[in-house]
>>> print(open('data32.csv').read())   # CSV, C-alpha atoms
chain,number,residue,atom,x,y,z
A,1,MET,CA,-10.6,-19.8,17.6
A,2,ARG,CA,-13.7,-18.1,16.4
A,3,ARG,CA,-14.4,-17.7,12.7
A,4,PHE,CA,-17.4,-15.6,11.4
A,5,TYR,CA,-18.5,-13.3,8.7
A,6,PRO,CA,-19.1,-9.7,9.8
A,7,GLU,CA,-20.7,-7.2,7.4
A,8,ASN,CA,-18.3,-5.7,4.9
A,9,ARG,CA,-19.4,-2.1,5.2
A,10,LEU,CA,-17.4,-1.0,2.2
A,11,ALA,CA,-19.4,-3.3,0.0
A,12,GLN,CA,-22.4,-0.9,0.2
A,13,PHE,CA,-20.4,1.8,-1.6
A,14,VAL,CA,-18.6,-0.1,-4.4
A,15,GLY,CA,-20.0,-2.3,-7.1
A,16,VAL,CA,-23.3,-0.4,-6.8
A,17,SER,CA,-25.8,0.5,-9.5
A,18,GLU,CA,-25.8,4.3,-8.8
A,19,GLY,CA,-22.5,6.2,-8.7
A,20,ILE,CA,-19.5,7.1,-10.8
A,21,SER,CA,-17.6,4.6,-12.9
A,22,GLY,CA,-14.1,3.5,-12.0
A,23,GLU,CA,-12.9,5.3,-15.1
A,24,THR,CA,-14.4,8.6,-14.0
A,25,ALA,CA,-13.1,8.2,-10.4
A,26,LEU,CA,-9.7,7.7,-11.7
A,27,ALA,CA,-9.8,10.8,-14.0
A,28,GLN,CA,-11.1,12.9,-11.1
A,29,ALA,CA,-8.4,11.6,-8.8
A,30,ARG,CA,-5.7,12.5,-11.3
A,31,GLU,CA,-7.2,15.9,-11.6
A,32,GLN,CA,-7.2,16.4,-7.8
A,33,LEU,CA,-3.6,15.2,-7.6
A,34,ASN,CA,-2.4,17.6,-10.3
A,35,GLU,CA,-3.4,20.5,-8.0
A,36,LEU,CA,-0.5,19.4,-5.7
A,37,LYS,CA,2.0,18.7,-8.4
A,38,GLU,CA,3.8,22.1,-8.3
A,39,VAL,CA,4.1,21.9,-4.5
A,40,ILE,CA,5.4,18.3,-4.5
A,41,VAL,CA,7.9,19.0,-7.2
A,42,GLY,CA,9.3,21.8,-5.1
A,43,THR,CA,9.4,19.5,-2.1
A,44,ILE,CA,11.3,16.9,-4.1
A,45,GLU,CA,13.9,19.5,-5.1
A,46,VAL,CA,14.4,20.5,-1.4
A,47,LYS,CA,14.8,16.9,-0.4
A,48,VAL,CA,17.3,16.3,-3.2
A,49,SER,CA,19.3,19.3,-2.0
A,50,MET,CA,19.3,17.9,1.5
A,51,LEU,CA,20.6,14.6,0.2
A,52,GLN,CA,23.4,16.4,-1.6
A,53,GLY,CA,24.3,18.2,1.6
A,54,MET,CA,24.5,14.9,3.5
A,55,SER,CA,26.4,13.3,0.7
A,56,ALA,CA,29.2,15.8,1.2
A,57,GLN,CA,29.4,14.9,4.9
A,58,LEU,CA,29.4,11.1,4.5
A,59,ASN,CA,33.1,10.7,4.9
A,60,GLY,CA,33.4,13.0,7.9
A,61,PRO,CA,33.0,12.1,11.5
A,62,GLY,CA,29.6,10.7,12.2
A,63,GLY,CA,29.0,10.1,8.5
A,64,ALA,CA,27.4,6.7,9.1
A,65,ASP,CA,24.9,8.4,11.5
A,66,LEU,CA,23.5,10.3,8.5
A,67,VAL,CA,22.5,7.1,6.7
A,68,PRO,CA,19.0,6.7,8.4
A,69,LYS,CA,18.2,10.3,7.4
A,70,ILE,CA,19.4,9.6,3.9
A,71,TYR,CA,17.2,6.5,3.8
A,72,LYS,CA,14.2,8.5,5.0
A,73,LEU,CA,14.7,11.2,2.4
A,74,ALA,CA,15.3,8.7,-0.4
A,75,ASN,CA,12.1,6.9,0.6
A,76,ASP,CA,10.1,10.2,0.5
A,77,ILE,CA,11.5,11.0,-3.0
A,78,PHE,CA,10.8,7.4,-4.1
A,79,CYS,CA,7.1,7.8,-3.1
A,80,ASP,CA,6.6,11.4,-4.2
A,81,ALA,CA,8.3,11.1,-7.6
A,82,GLY,CA,6.4,7.9,-8.3
A,83,VAL,CA,3.0,9.5,-7.6
A,84,PHE,CA,3.6,12.0,-10.4
A,85,ASP,CA,5.1,9.4,-12.8
A,86,PHE,CA,8.7,10.6,-12.5
A,87,ASP,CA,9.5,6.9,-12.7
A,88,ASP,CA,13.2,7.1,-13.3
A,89,LEU,CA,13.8,9.4,-10.4
A,90,SER,CA,11.6,7.2,-8.3
A,91,GLU,CA,13.5,4.1,-9.2
A,92,ALA,CA,16.8,5.8,-8.5
A,93,ALA,CA,15.6,6.7,-5.0
A,94,PHE,CA,14.3,3.2,-4.5
A,95,GLN,CA,17.8,1.8,-5.4
A,96,LEU,CA,19.3,4.0,-2.7
A,97,CYS,CA,16.8,2.8,-0.1
A,98,ASP,CA,17.4,-0.8,-1.1
A,99,LEU,CA,21.2,-0.4,-0.9
A,100,ILE,CA,20.9,1.1,2.6
A,101,ALA,CA,18.5,-1.6,3.7
A,102,HIS,CA,21.1,-4.2,2.6
A,103,TRP,CA,23.7,-2.6,4.7
A,104,ARG,CA,21.4,-2.5,7.6
A,105,ALA,CA,21.0,-6.2,7.1
A,106,GLY,CA,24.7,-6.8,7.4
A,107,ALA,CA,26.4,-6.0,4.1
A,108,ALA,CA,29.6,-3.8,4.3
A,109,PHE,CA,29.0,0.0,4.5
A,110,ASN,CA,30.2,1.8,1.4
A,111,PRO,CA,29.8,5.6,1.4
A,112,GLU,CA,30.9,5.9,-2.2
A,113,ALA,CA,28.0,3.8,-3.4
A,114,ILE,CA,25.6,6.1,-1.5
A,115,ARG,CA,27.3,9.2,-3.0
A,116,VAL,CA,27.0,7.8,-6.6
A,117,ASN,CA,23.3,7.1,-6.0
A,118,ILE,CA,22.7,10.6,-4.6
A,119,ALA,CA,24.5,12.2,-7.6
A,120,ALA,CA,22.3,10.1,-10.0
A,121,ILE,CA,19.2,11.2,-8.1
A,122,ALA,CA,20.2,14.9,-8.4
A,123,LEU,CA,20.8,14.5,-12.1
A,124,LEU,CA,17.5,12.9,-12.7
A,125,ALA,CA,15.7,15.4,-10.5
A,126,ASP,CA,17.1,18.4,-12.3
A,127,ALA,CA,14.4,19.6,-14.6
A,128,ARG,CA,16.9,21.8,-16.5
A,129,SER,CA,19.4,19.0,-17.3
A,130,PRO,CA,19.3,18.1,-21.0
A,131,LEU,CA,19.1,14.4,-20.4
A,132,SER,CA,17.6,12.3,-23.1
A,133,ALA,CA,15.6,9.2,-22.3
A,134,GLN,CA,18.6,7.1,-23.3
A,135,HIS,CA,20.8,9.0,-20.9
A,136,ARG,CA,18.3,8.4,-18.1
A,137,ALA,CA,18.1,4.7,-18.9
A,138,ALA,CA,21.9,4.5,-18.8
A,139,ILE,CA,22.0,6.2,-15.4
A,140,LEU,CA,19.5,3.7,-14.0
A,141,ALA,CA,21.3,0.8,-15.5
A,142,GLY,CA,24.5,2.0,-13.8
A,143,LEU,CA,22.7,2.3,-10.5
A,144,ARG,CA,21.4,-1.3,-10.9
A,145,SER,CA,25.0,-2.4,-11.3
A,146,VAL,CA,26.1,-0.5,-8.2
A,147,HIS,CA,23.2,-2.1,-6.4
A,148,ASP,CA,24.1,-5.6,-7.6
A,149,LYS,CA,27.7,-5.1,-6.6
A,150,PHE,CA,27.1,-3.9,-3.1
A,151,ALA,CA,23.7,-5.3,-2.1
A,152,ASP,CA,24.4,-9.0,-2.2
A,153,ARG,CA,21.9,-10.2,0.4
A,154,PRO,CA,18.4,-11.1,-0.7
A,155,GLU,CA,16.6,-9.5,2.2
A,156,PRO,CA,14.7,-6.3,1.4
A,157,ALA,CA,11.8,-6.0,-0.9
A,158,ASN,CA,9.1,-3.5,-1.5
A,159,GLU,CA,5.7,-4.9,-2.3
A,160,GLY,CA,3.4,-7.5,-0.8
A,161,GLU,CA,-0.1,-8.3,0.0
A,162,PRO,CA,-1.1,-10.4,2.9
A,163,GLY,CA,-1.8,-14.0,2.2
B,1,MET,CA,-4.2,0.6,-15.1
B,2,LEU,CA,-7.7,-0.6,-14.3
B,3,THR,CA,-9.1,-3.7,-15.8
B,4,PRO,CA,-12.1,-3.1,-18.1
B,5,ALA,CA,-14.4,-4.5,-15.3
B,6,GLU,CA,-12.9,-2.1,-12.8
B,7,GLU,CA,-13.3,0.9,-15.2
B,8,ALA,CA,-17.0,0.0,-15.6
B,9,ALA,CA,-17.6,-0.7,-11.9
B,10,LYS,CA,-19.7,1.9,-10.2
B,11,LEU,CA,-18.8,3.3,-6.8
B,12,ASN,CA,-20.5,5.9,-4.6
B,13,LEU,CA,-18.2,6.9,-1.8
B,14,ASP,CA,-20.0,10.1,-1.1
B,15,ARG,CA,-21.5,8.8,2.2
B,16,ALA,CA,-18.7,6.5,3.1
B,17,CYS,CA,-16.6,7.5,6.1
B,18,ILE,CA,-13.0,6.9,5.3
B,19,LEU,CA,-10.2,7.4,7.8
B,20,LEU,CA,-6.8,8.4,6.4
B,21,LEU,CA,-3.7,8.2,8.6
B,22,GLU,CA,-0.4,9.4,7.1
B,23,ARG,CA,3.0,10.6,8.2
B,24,GLY,CA,3.1,14.4,7.8
B,25,GLN,CA,0.7,16.8,6.3
B,26,HIS,CA,2.4,16.6,2.9
B,27,ASN,CA,1.7,12.8,2.5
B,28,LEU,CA,-1.8,13.3,4.0
B,29,ASP,CA,-2.6,15.9,1.3
B,30,ILE,CA,-1.5,13.5,-1.5
B,31,LEU,CA,-3.6,10.6,-0.1
B,32,GLY,CA,-6.6,13.0,0.6
B,33,GLN,CA,-6.6,14.4,-2.9
B,34,ILE,CA,-6.6,10.9,-4.5
B,35,VAL,CA,-9.4,9.6,-2.3
B,36,LYS,CA,-11.4,12.8,-2.7
B,37,GLY,CA,-11.1,12.3,-6.5
B,38,PHE,CA,-12.8,9.0,-6.0
B,39,GLY,CA,-15.8,10.8,-4.8
B,40,ALA,CA,-15.3,10.4,-1.0
B,41,GLY,CA,-17.4,12.9,0.9
B,42,ASN,CA,-16.4,12.1,4.5
B,43,LEU,CA,-12.7,12.0,5.0
B,44,GLN,CA,-11.3,11.8,8.5
B,45,ARG,CA,-7.7,13.0,8.1
B,46,CYS,CA,-5.3,12.0,10.9
B,47,LEU,CA,-1.6,12.5,11.6
B,48,SER,CA,-1.3,10.4,14.7
B,49,ILE,CA,-2.6,7.2,16.2
B,50,GLN,CA,-4.4,9.1,18.9
B,51,GLU,CA,-6.2,11.2,16.4
B,52,ALA,CA,-7.2,8.0,14.5
B,53,LYS,CA,-8.4,6.3,17.7
B,54,ASP,CA,-10.5,9.4,18.6
B,55,VAL,CA,-12.3,9.0,15.3
B,56,LEU,CA,-12.7,5.3,15.6
B,57,VAL,CA,-14.3,5.4,19.0
B,58,ARG,CA,-16.7,8.2,17.9
B,59,LYS,CA,-18.2,7.1,14.6
B,60,PRO,CA,-18.6,4.1,12.3
B,61,VAL,CA,-15.8,4.0,9.7
B,62,ASP,CA,-16.1,2.2,6.5
B,63,LEU,CA,-12.5,2.1,5.4
B,64,VAL,CA,-9.1,2.8,7.0
B,65,ILE,CA,-6.2,3.7,4.8
B,66,ALA,CA,-3.0,4.0,6.9
B,67,GLU,CA,0.7,4.4,6.6
B,68,PRO,CA,2.3,2.4,9.4
B,69,GLU,CA,5.6,4.2,9.4
B,70,LEU,CA,4.6,7.3,11.4
B,71,ASP,CA,7.0,9.7,13.1
B,72,GLY,CA,7.8,8.1,16.4
B,73,GLU,CA,4.8,5.7,16.3
B,74,ASP,CA,4.1,2.3,14.8
B,75,GLY,CA,0.9,2.5,12.8
B,76,LEU,CA,0.5,-1.3,13.2
B,77,ASP,CA,-0.3,-0.7,16.8
B,78,LEU,CA,-3.4,1.1,15.7
B,79,VAL,CA,-4.5,-1.9,13.6
B,80,ARG,CA,-3.8,-4.4,16.5
B,81,TRP,CA,-5.7,-2.1,18.9
B,82,LEU,CA,-8.7,-1.8,16.5
B,83,ARG,CA,-8.9,-5.5,15.9
B,84,ALA,CA,-8.7,-6.4,19.6
B,85,SER,CA,-11.1,-3.6,20.6
B,86,PRO,CA,-14.8,-4.1,21.4
B,87,LEU,CA,-15.7,-1.3,19.0
B,88,GLU,CA,-18.4,-2.6,16.6
B,89,PRO,CA,-18.6,-2.3,13.7
B,90,ASN,CA,-15.2,-0.6,13.4
B,91,ARG,CA,-13.2,-3.5,14.6
B,92,PHE,CA,-14.3,-5.4,11.4
B,93,THR,CA,-13.7,-2.5,9.1
B,94,SER,CA,-11.4,-2.9,6.0
B,95,VAL,CA,-7.9,-1.7,6.7
B,96,ALA,CA,-5.5,-1.0,3.8
B,97,LEU,CA,-1.9,-0.2,4.8
B,98,ILE,CA,0.2,1.8,2.4
B,99,MET,CA,4.0,1.4,2.6
B,100,GLY,CA,7.0,2.8,0.9
B,101,HIS,CA,10.3,0.9,0.7
B,102,THR,CA,10.2,-1.7,3.4
B,103,SER,CA,11.4,-5.2,4.3
B,104,VAL,CA,9.7,-8.5,3.7
B,105,ALA,CA,9.6,-9.0,7.5
B,106,ARG,CA,7.7,-5.7,7.9
B,107,ILE,CA,5.1,-6.8,5.4
B,108,GLY,CA,4.7,-10.0,7.4
B,109,GLN,CA,4.1,-7.9,10.5
B,110,ALA,CA,1.6,-5.7,8.6
B,111,ARG,CA,-0.3,-8.9,7.6
B,112,ASP,CA,-0.2,-10.2,11.1
B,113,SER,CA,-1.5,-7.0,12.7
B,114,GLY,CA,-4.9,-7.7,11.1
B,115,ALA,CA,-4.7,-5.5,8.0
B,116,ASN,CA,-6.8,-6.6,5.0
B,117,ILE,CA,-4.2,-5.6,2.4
B,118,VAL,CA,-0.8,-3.9,2.0
B,119,ILE,CA,-0.4,-1.5,-0.9
B,120,ALA,CA,3.0,-0.6,-2.1
B,121,LYS,CA,3.8,3.1,-2.5
B,122,PRO,CA,4.3,5.2,-4.7
B,123,LEU,CA,0.5,5.7,-4.5
B,124,LYS,CA,-0.8,5.4,-8.0
B,125,PRO,CA,-4.5,6.4,-8.2
B,126,ALA,CA,-5.3,3.4,-10.4
B,127,VAL,CA,-3.7,0.9,-8.0
B,128,LEU,CA,-5.4,2.5,-4.9
B,129,LEU,CA,-8.8,2.4,-6.7
B,130,SER,CA,-8.3,-1.2,-7.8
B,131,ARG,CA,-7.5,-2.2,-4.2
B,132,ILE,CA,-10.6,-0.3,-2.8
B,133,LEU,CA,-12.8,-2.1,-5.3
B,134,TRP,CA,-11.2,-5.4,-4.3
B,135,LEU,CA,-11.7,-4.7,-0.6
B,136,GLY,CA,-15.4,-3.9,-1.3
B,137,ARG,CA,-15.8,-7.4,-2.8
B,138,ASP,CA,-13.7,-9.1,-0.1
B,139,HIS,CA,-15.9,-11.5,1.9
B,140,ARG,CA,-13.2,-13.3,3.9
B,141,PRO,CA,-14.2,-14.6,7.3
B,142,PHE,CA,-12.9,-12.7,10.4
B,143,VAL,CA,-10.8,-14.8,12.6
B,144,GLU,CA,-10.5,-14.2,16.4
B,145,GLY,CA,-7.9,-16.2,18.4
B,146,GLU,CA,-5.5,-15.8,21.3
B,147,THR,CA,-2.8,-14.2,19.2
B,148,TYR,CA,-4.6,-12.8,16.2
B,149,ALA,CA,-7.7,-11.0,15.3
B,150,GLY,CA,-8.5,-9.9,11.8
B,151,PRO,CA,-9.4,-11.1,8.4
B,152,ASP,CA,-8.5,-14.7,7.6
B,153,ARG,CA,-4.9,-14.6,6.3
B,154,ARG,CA,-5.4,-17.8,4.4
B,155,PHE,CA,-7.6,-16.8,1.5
B,156,LYS,CA,-5.9,-18.2,-1.5
B,157,ASN,CA,-7.0,-21.7,-2.5
B,158,VAL,CA,-3.6,-23.3,-2.5
B,159,GLY,CA,-4.3,-26.1,-0.1
B,160,VAL,CA,-3.0,-26.7,3.4
B,161,PRO,CA,0.8,-26.3,4.2
B,162,ALA,CA,2.9,-29.1,2.6
B,163,GLY,CA,3.2,-32.2,4.8
B,164,THR,CA,0.2,-31.4,7.0
B,165,ASP,CA,-3.4,-32.4,7.0
B,166,GLY,CA,-4.6,-28.9,7.9
B,167,ARG,CA,-6.3,-27.8,11.1
B,168,ARG,CA,-9.8,-27.1,10.0
B,169,SER,CA,-12.7,-29.3,9.1
B,170,THR,CA,-13.1,-27.4,5.9
B,171,ASP,CA,-9.4,-27.9,4.8
B,172,LEU,CA,-9.0,-29.7,1.5
B,173,ASP,CA,-6.2,-32.2,1.2
B,174,THR,CA,-5.2,-31.1,-2.3
B,175,PRO,CA,-4.9,-27.7,-3.9
B,176,ILE,CA,-8.0,-27.0,-5.9
B,177,GLY,CA,-6.2,-24.8,-8.4
B,178,ASP,CA,-7.7,-22.3,-10.7
B,179,ALA,CA,-11.2,-22.6,-12.2
B,180,ASN,CA,-11.2,-24.4,-15.5
B,181,GLU,CA,-14.7,-23.3,-16.5
B,182,PRO,CA,-16.2,-19.8,-16.7
B,183,ASN,CA,-17.9,-18.4,-13.6
B,184,LEU,CA,-21.6,-19.0,-13.4
B,185,GLY,CA,-23.8,-16.2,-14.5
B,186,GLN,CA,-26.2,-14.6,-12.0
B,187,ASP,CA,-29.2,-16.2,-13.7
B,188,GLU,CA,-27.6,-19.6,-13.3
B,189,ILE,CA,-26.9,-19.0,-9.6
B,190,ASP,CA,-30.5,-17.7,-9.1
B,191,SER,CA,-31.9,-20.9,-10.7
B,192,PHE,CA,-30.2,-23.0,-8.0
B,193,MET,CA,-31.9,-20.9,-5.4
B,194,ARG,CA,-35.4,-20.8,-6.9
B,195,PRO,CA,-37.9,-23.3,-5.4
B,196,GLN,CA,-39.0,-25.8,-8.1
B,197,ARG,CA,-41.6,-28.5,-8.1
B,198,VAL,CA,-39.9,-31.9,-8.3
B,199,LEU,CA,-41.3,-35.4,-9.0
B,200,LEU,CA,-40.8,-37.8,-6.1
>>> encode(input="data32.csv", output="structure tokens")
Amino acid sequence: MRRFYPENRLAQFVGVSEGISGETALAQAREQLNELKEVIVGTIEVKVSMLQGMSAQLNGPGGADLVPKIYKLANDIFCDAGVFDFDDLSEAAFQLCDLIAHWRAGAAFNPEAIRVNIAAIALLADARSPLSAQHRAAILAGLRSVHDKFADRPEPANEGEPG
Amino acid sequence: MLTPAEEAAKLNLDRACILLLERGQHNLDILGQIVKGFGAGNLQRCLSIQEAKDVLVRKPVDLVIAEPELDGEDGLDLVRWLRASPLEPNRFTSVALIMGHTSVARIGQARDSGANIVIAKPLKPAVLLSRILWLGRDHRPFVEGETYAGPDRRFKNVGVPAGTDGRRSTDLDTPIGDANEPNLGQDEIDSFMRPQRVLL
């Protein structure tokens, strides 16, 4: 086993005396990101529609085969919505991913739970729906109950850093 | 949110070469916009492992930000390849992996591939910037063994695994815990290094 200290090349660019502050960098990044907002919101809407289409087919033949696609779409929505601070939509999509991950880990498959999650995602994603903050919170609380009821194995997680 | 120290920290990524690897153009655009906002002037945008390898063999890269869940490819293979390759200085470059919903086991695989850090999606600019600043200050040793090459995975001072004496000469037998005094100032550190006349 060899252990040594190579140069950290990134160090020459951060924590330097000349440059922009972290605060400025952050403001610029948010500005850059906003240029994409309209496109991403449109993409989220398309993905939610796709989820709804799959939801309708879940009880049909090959319904279970749709689950990996549903997971992927939900994961995309979780990530995209979170980038633009649509936090309730992002959390709803995360709950769906987590539910599916638990089934993959061995919990019993329940299409109704998926359907409920997708319906909630569609509601939260609909910009025209007159949902108050209270309604949105209630939807998320309901989803957490569904998650707790059906995802009873402590396997999946989301975040981590090495070490 | 950035800490006050991170808000004040200066960065100049204009000349830094940063490789971005994402699944699909849409995700690459999001990542690219954020890093561009940080002032990065040399972004190498890749959509496949092969594209990323082509860049890594061609030019020095100062930071890699990669999504391991690619379409039909495992992005961790790129990190393993890079760490085991003879490409210097790129084999030592900082690698940040960005991951959406995933499993604990997969995060363990990401760590064991030789990545410096795993960042959870959704990508928030503040979180990404904070991690880049952290990576710039990261002076962990690089470890090269039969089954692993990459930054030392044991970088928290929590002592050796319970019930063992450790494997290194530098291992301490008890956790050293958190500092209970403020850090030394630069002047104090400099005073240790300055030659001084002493009475013998």
>>> closest_residue(input="data32.csv", among="B:Leu11, B:Val64, B:Ile34, B:Ala110", to="Arg80 in chain B", atoms="all atoms listed in the file")
B:Ala110
>>> atom_distance(input="data32.csv", atom1="CA of Ile18 in chain B", atom2="CA of Ser94 in chain B")
10.0 Å
>>> closest_atom_pairs(input="data32.csv", of="chain B", to="chain A", cutoff="6 Å", atoms="all atoms listed in the file", output="CSV")
residue,atom,partner,partner_atom,distance
B:Glu6,CA,A:Gly22,CA,5.8
B:Glu7,CA,A:Gly22,CA,4.2
B:Ala8,CA,A:Ser21,CA,5.4
B:Ala9,CA,A:Ser21,CA,5.4
B:Lys10,CA,A:Ser21,CA,4.4
B:Leu11,CA,A:Val14,CA,4.2
B:Asn12,CA,A:Gly19,CA,4.6
B:Leu13,CA,A:Phe13,CA,5.6
B:Gln33,CA,A:Gln32,CA,5.3
B:Ile34,CA,A:Ala29,CA,4.7
B:Gly37,CA,A:Ala29,CA,3.6
B:Phe38,CA,A:Ala25,CA,4.5
B:Asp62,CA,A:Leu10,CA,5.5
B:His101,CA,A:Asn158,CA,5.1
B:Thr102,CA,A:Asn158,CA,5.3
B:Ser103,CA,A:Pro156,CA,4.5
B:Val104,CA,A:Ala157,CA,5.6
B:Arg111,CA,A:Pro162,CA,5.0
B:Ile117,CA,A:Glu161,CA,5.5
B:Val118,CA,A:Glu161,CA,4.9
B:Ala120,CA,A:Glu159,CA,5.1
B:Lys121,CA,A:Cys79,CA,5.8
B:Pro122,CA,A:Cys79,CA,4.1
B:Leu123,CA,A:Val83,CA,5.5
B:Lys124,CA,A:Val83,CA,5.6
B:Gly136,CA,A:Ala11,CA,4.2
B:Pro141,CA,A:Tyr5,CA,4.7
B:Phe142,CA,A:Phe4,CA,5.4
B:Val143,CA,A:Arg3,CA,4.6
B:Glu144,CA,A:Arg2,CA,5.0
B:Gly145,CA,A:Met1,CA,4.6
B:Arg153,CA,A:Gly163,CA,5.2
B:Arg154,CA,A:Gly163,CA,5.7
>>> residues_around(input="data32.csv", residues="Leu82 in chain B", least_positions_apart="6", cutoff="12 Å", atoms="only C-alpha atoms", output="number ranges by chain")
B: 49-50, 52-57, 61, 64, 75-76, 88-95, 113-115, 148-150
>>> closest_residue(input="data32.csv", among="B:Leu129, B:Ala66, B:Ala5, B:Ala105", to="Leu19 in chain B", atoms="all atoms listed in the file")
B:Ala66
>>> atom_distance(input="data32.csv", atom1="CA of Arg140 in chain B", atom2="CA of Phe192 in chain B")
22.9 Å
>>> residues_around(input="data32.csv", residues="Gly142 in chain A", least_positions_apart="3", cutoff="12 Å", atoms="all atoms listed in the file", output="VMD selection string")
chain A and resid 92 95 113 116 to 117 119 to 120 135 to 139 145 to 149
>>> closest_residue(input="data32.csv", among="A:Ala133, A:Pro68, A:Phe150, A:Arg128", to="Ala107 in chain A", atoms="all atoms listed in the file")
A:Phe150
>>> residues_around(input="data32.csv", residues="range 54-60 of chain A", least_positions_apart="6", cutoff="9 Å", atoms="all atoms listed in the file", output="list in words")
Leu66, Val67, Lys69, Ile70, Pro111, Glu112, Ile114, Arg115, Ile118 and Ala119 of chain A
>>> atom_distance(input="data32.csv", atom1="CA of Glu69 in chain B", atom2="CA of Ile44 in chain A")
19.4 Å
>>> residues_around(input="data32.csv", residues="range 21-27 of chain B", least_positions_apart="3", cutoff="6 Å", atoms="all atoms listed in the file", output="count of residues only")
6
>>> build_atoms(input="data32.csv", residues="range 112-129 of chain A", atoms="N, CA and C atoms", output="compact mmCIF listing (two decimals), in the frame of the given file")
# COMPACT_ATOMS: atom_id res chain seq x y z
N GLU A 112 30.83 5.51 -0.81
CA GLU A 112 30.90 5.90 -2.20
C GLU A 112 29.72 5.47 -3.01
N ALA A 113 29.22 4.31 -2.70
CA ALA A 113 28.00 3.80 -3.40
C ALA A 113 26.82 4.72 -3.12
N ILE A 114 26.74 5.19 -1.88
CA ILE A 114 25.60 6.10 -1.50
C ILE A 114 25.81 7.42 -2.32
N ARG A 115 27.07 7.88 -2.36
CA ARG A 115 27.30 9.20 -3.00
C ARG A 115 26.96 9.08 -4.52
N VAL A 116 27.32 7.97 -5.14
CA VAL A 116 27.00 7.80 -6.60
C VAL A 116 25.48 7.81 -6.76
N ASN A 117 24.78 7.15 -5.86
CA ASN A 117 23.30 7.10 -6.00
C ASN A 117 22.72 8.51 -5.81
N ILE A 118 23.25 9.26 -4.86
CA ILE A 118 22.70 10.60 -4.60
C ILE A 118 22.99 11.50 -5.85
N ALA A 119 24.19 11.36 -6.41
CA ALA A 119 24.50 12.20 -7.60
C ALA A 119 23.55 11.83 -8.74
N ALA A 120 23.25 10.56 -8.89
CA ALA A 120 22.30 10.10 -10.00
C ALA A 120 20.93 10.71 -9.70
N ILE A 121 20.50 10.67 -8.45
CA ILE A 121 19.20 11.20 -8.10
C ILE A 121 19.12 12.71 -8.44
N ALA A 122 20.21 13.42 -8.09
CA ALA A 122 20.20 14.90 -8.40
C ALA A 122 20.16 15.15 -9.86
N LEU A 123 20.88 14.34 -10.63
CA LEU A 123 20.80 14.50 -12.10
C LEU A 123 19.43 14.29 -12.64
N LEU A 124 18.82 13.21 -12.18
CA LEU A 124 17.50 12.90 -12.70
C LEU A 124 16.41 13.83 -12.23
N ALA A 125 16.67 14.48 -11.09
CA ALA A 125 15.70 15.40 -10.50
C ALA A 125 15.77 16.80 -11.14
N ASP A 126 16.90 17.07 -11.77
CA ASP A 126 17.10 18.40 -12.30
C ASP A 126 16.33 18.63 -13.58
N ALA A 127 15.29 19.42 -13.47
CA ALA A 127 14.40 19.60 -14.60
C ALA A 127 15.13 20.36 -15.75
N ARG A 128 16.23 21.07 -15.41
CA ARG A 128 16.90 21.80 -16.50
C ARG A 128 17.98 21.01 -17.17
N SER A 129 18.27 19.80 -16.63
CA SER A 129 19.40 19.00 -17.30
C SER A 129 18.85 18.44 -18.59
